[in-house]
Amino acid sequence: MKINILNQTSISFNFIFKRKFFFSSLLFTFLFYFQAFKFYPFYLVEQDNSFCWLPQLVNVIALLKKGGFYGIDFFTWGGSSEFFLRPNLLIYYPVLLFLAIIPIKFLSIFKISFMITLIYSLHSFFCCYFLQKLCKKFLKFDYSSSLFISIGYTFSFLFISKFIFFTFNLHAWLFPIGIYFALKLSYNFSIKNLLFYSLPFLMIFTSGYLPFSILSIIIISLLIFLYHFYLFPTKNYKKNILISLLPILVASIIAFPLYLEITKFHKIAFPGKHSLFDTAYFTSFSPSALINMLSKSLSLPLHGRNLFYLGPIGFSILILFIKNFKKDYFIKTTHYKLFNISIIIYLIFLLSCFGSYSAFSDLFYYFTGPIGKMHSYHRYLTMINLFLFFVLAIMLNHITDIKNYPKIKKIIFGFLSIFIILLFLKNFTNGFISKIFNEQFFIEYFLAFIFLMSLLIYNKNISKTLATIFIFSISLTTMYNHSNNILSSNKNNLEVYKTSFLKKYNNYFKKNSTKELIRYINIVPGYRIATFPKNYPWFFNHQKSFTKISSFYGYDAHLATDFNYRMYQFINVIPDLTPGFIEKYPITKPQSNNEVNFDDYCFFPNVSVLKDIGTDFIIFQEDFKYNDLNLIKYVDFSDKNKILKITDNQIIAPLKFPKDPLEKFNNGYIKILSEGNNIKVHNFKTNQSNYLRLNYYSDKPSKIYYLFWPNKHLIFYINNKKALPNIENNIMSIKVNEGNNKILIKYYNPILFLFLIFYFCYFFILSFILILQIPYLKNYSNKIKLIVFIKLNHFVKKVT
């Protein structure tokens, strides 16, 4: 019996050991996200997630369900935003195609938060898994070093600090996966592998933040070249380089039409020139923030807390490496070249984060194209952090390979002495020491002390494993504290997404308007308000049986809207205010770039536009001294029952604009002016993104107005024939004869449509290859291929 148990245990151990990459990744991912799943409604609903990405995710999933794969954002910015072409939104990410099968009733803020946590955990798992394989198979690290790099990078606190920006982490998790598959293809080439290995790169291209995607592709391409030519050169290095670059080429061909259209739209949205100040300097960090290399738990009021972090383990490795360094031995090691490359890449990006204190910021701005025009260079460090862990792992290998016990003992003695002195000062004084070094600091350095002791007692694999576990535990503490501490702080952000709030607003709008799309303007100062977020329609409009609402404002104006819309809509300038963007004005002048308050803006719309469109409601702050009096005079205060109080000083109220006597119909999407008395509109349909369709009868000629900002991709049809629209006061209209007419307003962007053909054909081919792997169907593969070819050929002919 005992023998059987031992045999079973041995078999189980061997099973796990052979799959150690998988099970180690699974274990650490489970531990890291355990509490996040427990508190999933809370830990993500903060800052930009709350105001932008969570509502955006609901909107894109709902639109994809309706077949809305391209088009206009009817719900924010007065229709001047091309929702699918914004460079900072996650639209065509392959994961979202699977999420589109989710029923509408599950698109609550809590369920979406759960989905994001699930997406994060899956990306972390695959990143950790493939990074281990990359380090072991291609970079020639031993297993303990591979685990050290993978865990340290994948679960770094830099990722935690970016959780409030949904898309920011995706590219960094995909980065090592892309490197692995590119290198693997050079050793295992086939057309099938080429297609499948291109998927990580297509995911990088569509991961929702273009500068990150472009930088990832550039660095991966550079590493492919350096790997085959410099790190581990072979006779066929040229061929291997070309083969490894093929997946990037395939993904680039698919994504090129999309990037072309995004670039064209961005030129319309941001026609001005970037300046050195508002990019390289605006969010730069102080060099004094480098003290955070000691610990992220230092209680210091420094700008740049999440910039550079070695931590107690990393700092100990650095000191030991310096003390034990043997040049003759080190330059002969396998990883000497990788050490040099990693140091250079990491320092370039680190030094670029210091603004006017470092010339690297200026050089990065001038010589890296669109990558250098992104205003927060420190965001790149999440991905570049991989090279820091390469460096630390190589240093740790050097230390454990040539253990100099006397020097290690001296460092441990010095370390312990400083540790005890700081503990004493912390507990028995009230000076600056007790304020700077908090309790978490001492836990981190206690773990570092245990790691140092392990170098004396255990073999190198145990020491490296302990270093891995301790680094992970520090990140895990940050993650768990993050999940716990924000429960109360996010209460206001959550309230507005609760069913009770949603129903209150929906009942108000339904009671006071019969339009299919209710148009409102929100001039409450600030963008990041929790009471009625600027992107609220993205979330609100997809609740079951809710009326639809549309705002003239939104979020991220410089990335979202046609610049001409901002110039035209928001033209009033108040002399005593300092102008920010053309459409908004800060109430107070910031004293420095670190004091900019995005909640400190007021808004001034062009009232004539609001009149012509027939805006229904206004949301404003009653006691705000900078309210636009030219607009406020149209607020209808006559019936108190039609005024909804949001907070003590914020209200929703109807607007009472004089109505055109010829207006016979206005549903928020279109307006009809006619002298006729017999007007009928029926079968009005829209998928909320790329078409408006209706049947219309009038006994006299009419004008139909499209009540959104003009768009060059719109085509108007009357009875299946194209009609040339007029533009009056920046509102498009067409003339329609009397009688029965079928009207269609359609968004058509041929280049974006070409991307969609490439995109879906690619996934169709992948699915087809997977189906053919089913054993039963292999016998019929030729017949299946013929049928698919005929159907695909028919589809292409129909489309073209």
# chains A, B, ... in the order shown; residues from 1 in each chain; ligands from 1
$ residues_around --residues "range 626-640 of chain A" --least-positions-apart "5" --cutoff "9 Å" --atoms "only C-alpha atoms" --output "PyMOL selection string"
chain A and resi 523-525+587+602-607+617-618+620-621+653-657
$ closest_residue --among "A:Leu210, A:Ile177, A:Ile254, A:Ile345" --to "Phe126 in chain A" --atoms "only C-alpha atoms"
A:Ile177
$ closest_atom_pairs --of "range 683-761 of chain A" --to "range 83-102 of chain A" --cutoff "12 Å" --atoms "only C-alpha atoms" --output "Markdown table"
| residue | atom | partner | partner_atom | distance |
| --- | --- | --- | --- | --- |
| A:Gln688 | CA | A:Phe83 | CA | 11.1 |
| A:Ser689 | CA | A:Phe83 | CA | 8.5 |
| A:Asn690 | CA | A:Phe83 | CA | 10.7 |
| A:Asn749 | CA | A:Leu85 | CA | 11.1 |
| A:Ile751 | CA | A:Leu85 | CA | 11.8 |
| A:Leu752 | CA | A:Leu85 | CA | 9.1 |
| A:Phe753 | CA | A:Phe84 | CA | 11.6 |
| A:Phe755 | CA | A:Tyr92 | CA | 10.4 |
| A:Leu756 | CA | A:Tyr92 | CA | 9.3 |
| A:Tyr759 | CA | A:Tyr92 | CA | 9.1 |
| A:Phe760 | CA | A:Pro94 | CA | 10.1 |
$ write_last_selection --atoms "C-alpha atoms" --output "compact mmCIF listing (two decimals), in the first residue's frame"
# COMPACT_ATOMS: atom_id res chain seq x y z
CA GLN A 688 -26.10 53.24 -33.41
CA SER A 689 -22.88 53.38 -35.44
CA ASN A 690 -22.98 53.32 -39.25
CA ASN A 749 -14.95 54.00 -45.16
CA ILE A 751 -9.93 51.59 -46.22
CA LEU A 752 -11.34 50.66 -42.83
CA PHE A 753 -13.57 48.13 -44.56
CA PHE A 755 -8.97 46.16 -42.74
CA LEU A 756 -12.11 44.33 -41.62
CA TYR A 759 -9.06 40.87 -40.14
CA PHE A 760 -11.99 38.48 -40.44
$ atom_distance --atom1 "CA of Lys464 in chain A" --atom2 "CA of Ala182 in chain A"
28.3 Å
$ closest_residue --among "A:Leu724, A:Met479, A:Val736, A:Leu202" --to "Ser702 in chain A" --atoms "only C-alpha atoms"
A:Val736
$ select_by_dssp --residues "range 505-751 of chain A" --states "helix (DSSP H, G or I)" --output "PyMOL selection string"
chain A and resi 505-512+536-540+557-560+563-569+593-595+607-613+629-632+640-642+750-751
$ write_last_selection --atoms "N, CA and C atoms" --output "tab-separated table (two decimals), in the first residue's frame"
chain	number	residue	atom	x	y	z
A	505	TYR	N	-32.28	58.20	-13.55
A	505	TYR	CA	-32.04	59.04	-14.72
A	505	TYR	C	-32.92	58.61	-15.89
A	506	ASN	N	-33.07	57.32	-16.10
A	506	ASN	CA	-33.88	56.83	-17.21
A	506	ASN	C	-35.33	57.26	-17.06
A	507	ASN	N	-35.87	57.14	-15.86
A	507	ASN	CA	-37.26	57.55	-15.62
A	507	ASN	C	-37.44	59.04	-15.87
A	508	TYR	N	-36.45	59.82	-15.49
A	508	TYR	CA	-36.54	61.26	-15.71
A	508	TYR	C	-36.57	61.59	-17.20
A	509	PHE	N	-35.65	61.02	-17.96
A	509	PHE	CA	-35.59	61.31	-19.39
A	509	PHE	C	-36.84	60.82	-20.11
A	510	LYS	N	-37.30	59.64	-19.78
A	510	LYS	CA	-38.49	59.09	-20.43
A	510	LYS	C	-39.73	59.92	-20.13
A	511	LYS	N	-39.80	60.40	-18.91
A	511	LYS	CA	-40.96	61.17	-18.48
A	511	LYS	C	-41.03	62.53	-19.18
A	512	ASN	N	-39.87	63.10	-19.50
A	512	ASN	CA	-39.84	64.47	-19.99
A	512	ASN	C	-39.47	64.62	-21.46
A	536	TYR	N	-20.92	59.07	-19.96
A	536	TYR	CA	-22.01	58.26	-19.37
A	536	TYR	C	-22.89	57.57	-20.42
A	537	PRO	N	-23.19	58.21	-21.56
A	537	PRO	CA	-24.05	57.54	-22.55
A	537	PRO	C	-23.51	56.19	-23.02
A	538	TRP	N	-22.19	56.04	-23.07
A	538	TRP	CA	-21.62	54.76	-23.50
A	538	TRP	C	-22.12	53.61	-22.64
A	539	PHE	N	-22.28	53.87	-21.37
A	539	PHE	CA	-22.75	52.82	-20.46
A	539	PHE	C	-24.27	52.82	-20.36
A	540	PHE	N	-24.84	54.00	-20.19
A	540	PHE	CA	-26.27	54.16	-19.95
A	540	PHE	C	-27.11	53.59	-21.09
A	557	ALA	N	-10.77	65.05	-25.55
A	557	ALA	CA	-11.14	65.80	-26.74
A	557	ALA	C	-10.09	65.76	-27.83
A	558	HIS	N	-8.82	65.87	-27.44
A	558	HIS	CA	-7.74	65.97	-28.43
A	558	HIS	C	-7.53	64.67	-29.20
A	559	LEU	N	-8.10	63.55	-28.71
A	559	LEU	CA	-8.00	62.28	-29.41
A	559	LEU	C	-9.33	61.86	-30.02
A	560	ALA	N	-10.42	62.49	-29.59
A	560	ALA	CA	-11.74	61.96	-29.91
A	560	ALA	C	-12.48	62.73	-30.99
A	563	PHE	N	-11.24	68.49	-34.87
A	563	PHE	CA	-10.81	69.76	-34.30
A	563	PHE	C	-11.73	70.90	-34.73
A	564	ASN	N	-12.26	70.84	-35.94
A	564	ASN	CA	-13.17	71.88	-36.41
A	564	ASN	C	-14.43	71.94	-35.56
A	565	TYR	N	-14.86	70.81	-35.05
A	565	TYR	CA	-16.01	70.77	-34.14
A	565	TYR	C	-15.69	71.56	-32.88
A	566	ARG	N	-14.51	71.38	-32.34
A	566	ARG	CA	-14.14	72.10	-31.13
A	566	ARG	C	-14.02	73.59	-31.41
A	567	MET	N	-13.46	73.93	-32.56
A	567	MET	CA	-13.33	75.34	-32.92
A	567	MET	C	-14.69	75.99	-33.10
A	568	TYR	N	-15.63	75.23	-33.66
A	568	TYR	CA	-16.93	75.81	-33.99
A	568	TYR	C	-17.88	75.78	-32.80
A	569	GLN	N	-17.84	74.67	-32.08
A	569	GLN	CA	-18.79	74.51	-30.99
A	569	GLN	C	-18.46	75.37	-29.78
A	593	ASN	N	3.44	72.63	-13.91
A	593	ASN	CA	2.83	71.53	-14.66
A	593	ASN	C	2.39	70.39	-13.77
A	594	ASN	N	2.86	70.35	-12.51
A	594	ASN	CA	2.45	69.29	-11.60
A	594	ASN	C	1.14	69.62	-10.90
A	595	GLU	N	0.61	70.84	-11.11
A	595	GLU	CA	-0.58	71.26	-10.39
A	595	GLU	C	-1.79	71.38	-11.31
A	607	VAL	N	-24.27	78.30	-28.72
A	607	VAL	CA	-25.69	78.11	-28.44
A	607	VAL	C	-26.50	77.96	-29.72
A	608	SER	N	-26.09	78.60	-30.81
A	608	SER	CA	-26.85	78.50	-32.06
A	608	SER	C	-26.91	77.06	-32.56
A	609	VAL	N	-25.84	76.30	-32.33
A	609	VAL	CA	-25.83	74.89	-32.72
A	609	VAL	C	-26.83	74.11	-31.89
A	610	LEU	N	-26.84	74.37	-30.59
A	610	LEU	CA	-27.78	73.68	-29.70
A	610	LEU	C	-29.22	73.98	-30.10
A	611	LYS	N	-29.48	75.21	-30.53
A	611	LYS	CA	-30.82	75.58	-30.99
A	611	LYS	C	-31.22	74.79	-32.23
A	612	ASP	N	-30.34	74.79	-33.23
A	612	ASP	CA	-30.66	74.13	-34.50
A	612	ASP	C	-30.91	72.64	-34.33
A	613	ILE	N	-30.16	72.02	-33.44
A	613	ILE	CA	-30.31	70.57	-33.24
A	613	ILE	C	-31.53	70.26	-32.39
A	629	LEU	N	-23.99	82.42	-19.26
A	629	LEU	CA	-25.31	83.04	-19.11
A	629	LEU	C	-26.09	83.04	-20.41
A	630	ASN	N	-25.40	83.06	-21.54
A	630	ASN	CA	-26.07	83.02	-22.84
A	630	ASN	C	-26.81	81.71	-23.04
A	631	LEU	N	-26.37	80.65	-22.37
A	631	LEU	CA	-27.04	79.36	-22.44
A	631	LEU	C	-28.04	79.20	-21.30
A	632	ILE	N	-27.67	79.62	-20.11
A	632	ILE	CA	-28.51	79.43	-18.93
A	632	ILE	C	-29.86	80.12	-19.09
A	640	LYS	N	-41.15	72.80	-11.66
A	640	LYS	CA	-40.16	72.19	-10.77
A	640	LYS	C	-40.13	70.67	-10.88
A	641	ASN	N	-41.24	70.08	-11.31
A	641	ASN	CA	-41.29	68.62	-11.46
A	641	ASN	C	-40.40	68.12	-12.60
A	642	LYS	N	-40.01	69.04	-13.49
A	642	LYS	CA	-39.14	68.66	-14.61
A	642	LYS	C	-37.66	68.91	-14.32
A	750	PRO	N	-13.91	52.91	-47.10
A	750	PRO	CA	-13.38	51.74	-47.83
A	750	PRO	C	-12.08	51.20	-47.26
A	751	ILE	N	-11.21	52.07	-46.76
A	751	ILE	CA	-9.93	51.59	-46.22
A	751	ILE	C	-10.14	50.84	-44.91
$ closest_atom_pairs --of "range 226-281 of chain A" --to "range 213-218 of chain A" --cutoff "12 Å" --atoms "only C-alpha atoms" --output "JSON lines"
{"residue": "A:Leu245", "atom": "CA", "partner": "A:Ile217", "partner_atom": "CA", "distance": 10.1}
{"residue": "A:Pro247", "atom": "CA", "partner": "A:Ile217", "partner_atom": "CA", "distance": 10.8}
{"residue": "A:Ile248", "atom": "CA", "partner": "A:Ile217", "partner_atom": "CA", "distance": 7.5}
{"residue": "A:Leu249", "atom": "CA", "partner": "A:Ile217", "partner_atom": "CA", "distance": 10.3}
{"residue": "A:Ala251", "atom": "CA", "partner": "A:Ile217", "partner_atom": "CA", "distance": 10.3}
{"residue": "A:Ser252", "atom": "CA", "partner": "A:Ile217", "partner_atom": "CA", "distance": 9.5}
{"residue": "A:Ala255", "atom": "CA", "partner": "A:Ser213", "partner_atom": "CA", "distance": 11.2}
{"residue": "A:Phe256", "atom": "CA", "partner": "A:Ile214", "partner_atom": "CA", "distance": 11.8}
{"residue": "A:Tyr259", "atom": "CA", "partner": "A:Ile214", "partner_atom": "CA", "distance": 10.3}
$ write_last_selection --atoms "N, CA and C atoms" --output "CSV table (one decimal), in the first residue's frame"
chain,number,residue,atom,x,y,z
A,245,LEU,N,10.9,37.6,-38.6
A,245,LEU,CA,10.2,38.9,-38.9
A,245,LEU,C,8.9,38.6,-39.6
A,247,PRO,N,6.0,36.9,-39.0
A,247,PRO,CA,4.8,37.1,-38.2
A,247,PRO,C,4.4,38.6,-38.1
A,248,ILE,N,5.5,39.4,-37.8
A,248,ILE,CA,5.3,40.8,-37.7
A,248,ILE,C,4.8,41.4,-39.1
A,249,LEU,N,5.3,40.9,-40.2
A,249,LEU,CA,4.9,41.3,-41.5
A,249,LEU,C,3.5,41.0,-41.8
A,251,ALA,N,1.0,40.4,-39.6
A,251,ALA,CA,0.2,41.3,-38.7
A,251,ALA,C,0.2,42.7,-39.2
A,252,SER,N,1.3,43.2,-39.7
A,252,SER,CA,1.4,44.6,-40.2
A,252,SER,C,0.5,44.8,-41.4
A,255,ALA,N,-3.0,45.0,-40.2
A,255,ALA,CA,-3.3,46.2,-39.4
A,255,ALA,C,-3.1,47.5,-40.1
A,256,PHE,N,-2.4,47.5,-41.3
A,256,PHE,CA,-2.0,48.7,-42.0
A,256,PHE,C,-3.2,49.6,-42.3
A,259,TYR,N,-4.4,51.4,-39.2
A,259,TYR,CA,-3.5,52.4,-38.7
A,259,TYR,C,-3.5,53.6,-39.6
$ residues_around --residues "Phe387 in chain A" --least-positions-apart "4" --cutoff "9 Å" --atoms "only C-alpha atoms" --output "PyMOL selection string"
chain A and resi 339+341-343+345-346+383+391-392
$ write_last_selection --atoms "C-alpha atoms" --output "PDB file, in the first residue's frame"
ATOM      1  CA  PHE A 339      23.528  42.249 -20.133  1.00  0.00           C
ATOM      2  CA  ILE A 341      21.900  45.227 -24.548  1.00  0.00           C
ATOM      3  CA  SER A 342      19.521  45.275 -21.579  1.00  0.00           C
ATOM      4  CA  ILE A 343      21.462  47.967 -19.723  1.00  0.00           C
ATOM      5  CA  ILE A 345      17.818  49.849 -23.607  1.00  0.00           C
ATOM      6  CA  TYR A 346      16.688  50.308 -20.014  1.00  0.00           C
ATOM      7  CA  MET A 383       7.323  47.021 -20.806  1.00  0.00           C
ATOM      8  CA  VAL A 391      20.062  42.552 -15.753  1.00  0.00           C
ATOM      9  CA  LEU A 392      19.128  41.498 -12.203  1.00  0.00           C
TER      10      LEU A 392
END
$ closest_atom_pairs --of "range 111-142 of chain A" --to "range 229-234 of chain A" --cutoff "10 Å" --atoms "only C-alpha atoms" --output "JSON lines"
{"residue": "A:Phe138", "atom": "CA", "partner": "A:Phe232", "partner_atom": "CA", "distance": 8.8}
{"residue": "A:Leu139", "atom": "CA", "partner": "A:Phe232", "partner_atom": "CA", "distance": 8.6}
{"residue": "A:Lys140", "atom": "CA", "partner": "A:Phe232", "partner_atom": "CA", "distance": 9.8}
$ write_last_selection --atoms "N, CA and C atoms" --output "PDB file, in the first residue's frame"
ATOM      1  N   PHE A 138      15.517  29.985 -25.376  1.00  0.00           N
ATOM      2  CA  PHE A 138      16.218  30.850 -26.330  1.00  0.00           C
ATOM      3  C   PHE A 138      17.313  31.706 -25.694  1.00  0.00           C
ATOM      4  N   LEU A 139      17.112  32.123 -24.449  1.00  0.00           N
ATOM      5  CA  LEU A 139      18.099  32.995 -23.811  1.00  0.00           C
ATOM      6  C   LEU A 139      19.059  32.229 -22.908  1.00  0.00           C
ATOM      7  N   LYS A 140      18.875  30.919 -22.828  1.00  0.00           N
ATOM      8  CA  LYS A 140      19.836  30.024 -22.157  1.00  0.00           C
ATOM      9  C   LYS A 140      19.964  30.274 -20.653  1.00  0.00           C
TER      10      LYS A 140
END
$ residues_around --residues "range 52-58 of chain A" --least-positions-apart "3" --cutoff "10 Å" --atoms "only C-alpha atoms" --output "JSON, numbers by chain"
{"A": [44, 45, 46, 47, 48, 49, 61, 62, 63, 83, 88, 89, 90, 91, 96, 99, 100, 104, 106, 107, 108, 109, 110, 112, 113, 116, 164, 165, 166, 167, 497, 528, 533, 534, 535, 536, 537, 538, 539, 540, 541, 542, 543, 554, 555, 556]}
$ atom_distance --atom1 "CA of Ile521 in chain A" --atom2 "CA of Ser551 in chain A"
5.5 Å
